[in-house]
Amino acid sequence: MLHGIDEPRLWHGNTLTRQTIYGGLWEGAPERFHIVLTNPPFGGKEGKEAQSPFAFKTRATQVLFVQYVMQIIEPGGRCGIVMDEGLLYRTNEEAFVKTKRKLLDECDVWCIVSLPAGAFTGSGAGVKTNLVFFTKGRKTERIWYHDLSHIKVGKKNPLTLKQFDGLFELIDKRGTPEAETEHSWTVDFASRRRQAAEEAAPHRREADAQREKAATLREQARAHKKSNQPSLADALQAEIEAAERRARDATAKAQAIEDAVYDLKAVNPREKKVTDTRTPAELLAAIAEKGRDVEVALERLRSLLQGGS
């Protein structure tokens, strides 16, 4: 009513399990949408019932919600979603990696905005967050990043629309030199993916070679057993296990290289790193000086207290 919507389609329940609390206003609403704007919950843990509709099983609520959004958005549809930073950078859990791979394969993730730490402090949430924008129906080739993490916000100085002025000025210019600024940059994701595949290829070949070796040795062991030479078959077992272990190790190395591509965290390549160049002796001298300052302050407080008594 506040926004003049005469026929709102509101649904109250658990989106992931589809358990309805109240769905009367949802009758007649479509199953898929052209535009999705959402701020899903972070850090929740869902059970098997919530996970069952999704290809990549995990208890992490935010990962399930990303899969859900991909299900309900129409081809050509657009989405703006608030994501926690952990979802963007984590590559150590299969569901996180596979969800992001599907997102980048089936959708064009064209913009990621890194929000300041404490952007949602006023709402009681301290998680570092990002805004992620994507269009369904084409693979991600390039991602334009805009970094607002240098802005200091808190309860007394909240994040406001004014602080997005720079984003609004540049977002339609992405892909041009104008959009490359101190706090904005473009990542050639397609190139990064190709490079990772090239780096992983030798490990994949090594894994294939070791698996083939293990298969050949296994055939030889079976032949020895058939010819009643069990001792020769047993002697090959250690070689078979070593080849299988090398194959697993090589596969793990290749997978780690390929999965690292899906770390989508905003890392500003133009950020100036401040390095402390002081020697250990200089650091000790600085600590000693601070200690003297503290001692002077304590002595002053003692005299004030004595004077007051």
# chains A, B, ... in the order shown; residues from 1 in each chain; ligands from 1
call {"tool": "residues_around", "arguments": {"residues": "A:Trp11", "least_positions_apart": "2", "cutoff": "8 Å", "atoms": "only C-alpha atoms", "output": "list in words"}}
result
Arg9, Gly13, Thr20, Tyr22, Gly23, Gly24, Leu25 and Trp26 of chain A
call {"tool": "closest_residue", "arguments": {"among": "A:Ala256, A:Ile143, A:Ala55, A:Val127", "to": "A:Met83", "atoms": "only C-alpha atoms"}}
result
A:Val127
call {"tool": "atom_distance", "arguments": {"atom1": "atom CA of A:Glu141", "atom2": "atom CA of A:Ala197"}}
result
15.3 Å
